[in-house]
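> Here it is, the structure, as structure tokens.
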Amino acid sequence: MRVAYKSITGKVRSNNEDYVGVFTNKKNIKLGLLADGIGGNRGGEVASKMAVLNMGEEFKHTDFEDYDSAYSWLRSQIDLANAQILNTSKKFDSLKNMGTTVVATIIFNNRFFDN
């Protein structure tokens with residue numbers, strides 16, 4: 001599978017807070033993640049990078065092959081990423097109130113689901 005993406009800064013902000021990653025688990029299932037830091041808040045680029053890298057690294061260690069397991073894993077990882085971002089936000093004034101949006105898709109050979 002080949003993956004390509006294009007991200008632009010937009011018209012309002014001077015920096016791009018997007019972060020993208022594609023990861024493969026032990027069963028050759030793919031996870032695609034796109035996170036966009038919440039503009040106007042401090043540390044959006046940090047939050048988006050944290051979400052993608054933390055979830056992606058955890059995904060590499062999974063070995064599920066079915067939709068139900070993938071869905072459960074994804075829901076729990078989104079909650080965990082949210083908690084990690086909130087905790088980091090509270091530790092550093094420069095990152096206070098940081099946040100991100102996340103779009104995820106899991107690709108099973110020729111089928112996928114997204115959340």
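Identifiers in the structure tokens: chain A, B, ... in order shown; residue index from 1 per chain; ligand index from 1 in order shown.
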What are the nearest atom pairs, with distances in Å to one decimal, for all residues of range 47-78 of chain A that come at most 9 Å from range 90-110 of chain A, using only C-alpha atoms, set out by chain and rising residue number as a Markdown table?


```
| residue | atom | partner | partner_atom | distance |
| --- | --- | --- | --- | --- |
| A:Ala47 | CA | A:Gly99 | CA | 5.5 |
| A:Ser48 | CA | A:Thr100 | CA | 5.4 |
| A:Ala51 | CA | A:Val102 | CA | 7.6 |
| A:Val52 | CA | A:Val102 | CA | 8.2 |
| A:Glu65 | CA | A:Phe108 | CA | 7.6 |
| A:Asp66 | CA | A:Phe108 | CA | 8.3 |
| A:Tyr67 | CA | A:Phe108 | CA | 8.5 |
| A:Ala70 | CA | A:Ile106 | CA | 7.6 |
| A:Tyr71 | CA | A:Ile106 | CA | 8.7 |
| A:Leu74 | CA | A:Ala104 | CA | 8.3 |
| A:Ile78 | CA | A:Val102 | CA | 8.4 |
```

> As an NGL selection string, list the residues of chain A assigned to helix (DSSP H, G or I) by DSSP on the backbone atoms of this structure.

:A and (44-60 or 67-91 or 93-95)

> List every residue of range 2-115 of chain A that DSSP, applied to the backbone of this structure, assigns to strand (DSSP E), and report them as a PyMOL selection string.

chain A and resi 18-24+30-37+100-108+111-114

> Report the distance between CA of Glu57 in chain A and CA of Gln84 in chain A in Å, rounded to one decimal place.

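That distance, rounded to one decimal, is 14.1 Å.
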
> If we count only C-alpha atoms and set the cut-off at 9 Å, which residues sit around Val20 in chain A, ignoring sequence neighbours fewer than 4 positions away in its own chain? Please answer as a PDB file with N, CA and C atoms, in the first residue's frame.


```
ATOM      1  N   TYR A   5      -0.130  12.179   1.430  1.00  0.00           N
ATOM      2  CA  TYR A   5      -0.971  13.189   2.051  1.00  0.00           C
ATOM      3  C   TYR A   5      -0.395  14.565   1.772  1.00  0.00           C
ATOM      4  N   GLY A  32      -4.208   4.335   9.967  1.00  0.00           N
ATOM      5  CA  GLY A  32      -3.898   5.671   9.480  1.00  0.00           C
ATOM      6  C   GLY A  32      -4.457   6.700  10.441  1.00  0.00           C
ATOM      7  N   LEU A  33      -3.638   7.674  10.806  1.00  0.00           N
ATOM      8  CA  LEU A  33      -4.051   8.712  11.753  1.00  0.00           C
ATOM      9  C   LEU A  33      -3.750  10.088  11.192  1.00  0.00           C
ATOM     10  N   LEU A  34      -4.682  10.990  11.375  1.00  0.00           N
ATOM     11  CA  LEU A  34      -4.508  12.395  11.045  1.00  0.00           C
ATOM     12  C   LEU A  34      -4.985  13.191  12.244  1.00  0.00           C
ATOM     13  N   ALA A  35      -4.101  13.992  12.793  1.00  0.00           N
ATOM     14  CA  ALA A  35      -4.458  14.845  13.922  1.00  0.00           C
ATOM     15  C   ALA A  35      -4.196  16.293  13.531  1.00  0.00           C
ATOM     16  N   ASP A  36      -5.084  17.160  13.941  1.00  0.00           N
ATOM     17  CA  ASP A  36      -4.963  18.586  13.650  1.00  0.00           C
ATOM     18  C   ASP A  36      -5.073  19.335  14.968  1.00  0.00           C
ATOM     19  N   SER A  48      -1.131  17.212  18.581  1.00  0.00           N
ATOM     20  CA  SER A  48      -1.376  16.375  17.407  1.00  0.00           C
ATOM     21  C   SER A  48      -0.264  15.337  17.230  1.00  0.00           C
ATOM     22  N   LYS A  49       0.961  15.738  17.462  1.00  0.00           N
ATOM     23  CA  LYS A  49       2.083  14.806  17.350  1.00  0.00           C
ATOM     24  C   LYS A  49       1.997  13.722  18.431  1.00  0.00           C
ATOM     25  N   VAL A  52      -0.801  11.085  17.483  1.00  0.00           N
ATOM     26  CA  VAL A  52      -0.433  10.179  16.385  1.00  0.00           C
ATOM     27  C   VAL A  52       0.676   9.220  16.806  1.00  0.00           C
ATOM     28  N   LEU A  53       1.741   9.746  17.382  1.00  0.00           N
ATOM     29  CA  LEU A  53       2.878   8.877  17.726  1.00  0.00           C
ATOM     30  C   LEU A  53       2.549   7.904  18.850  1.00  0.00           C
TER      31      LEU A  53
END
```

> Compare A:Val46, A:Val22, A:Ala81, A:Met55 by their minimum atom-to-atom distance to Arg2 in chain A, counting only C-alpha atoms, and give me the closest one.

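That would be A:Val22, the residue with the smallest distance to Arg2 in chain A.
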
> Have a look at CA of Thr62 in chain A and CA of Asn28 in chain A and let me know their distance in Å, one decimal.

10.0 Å
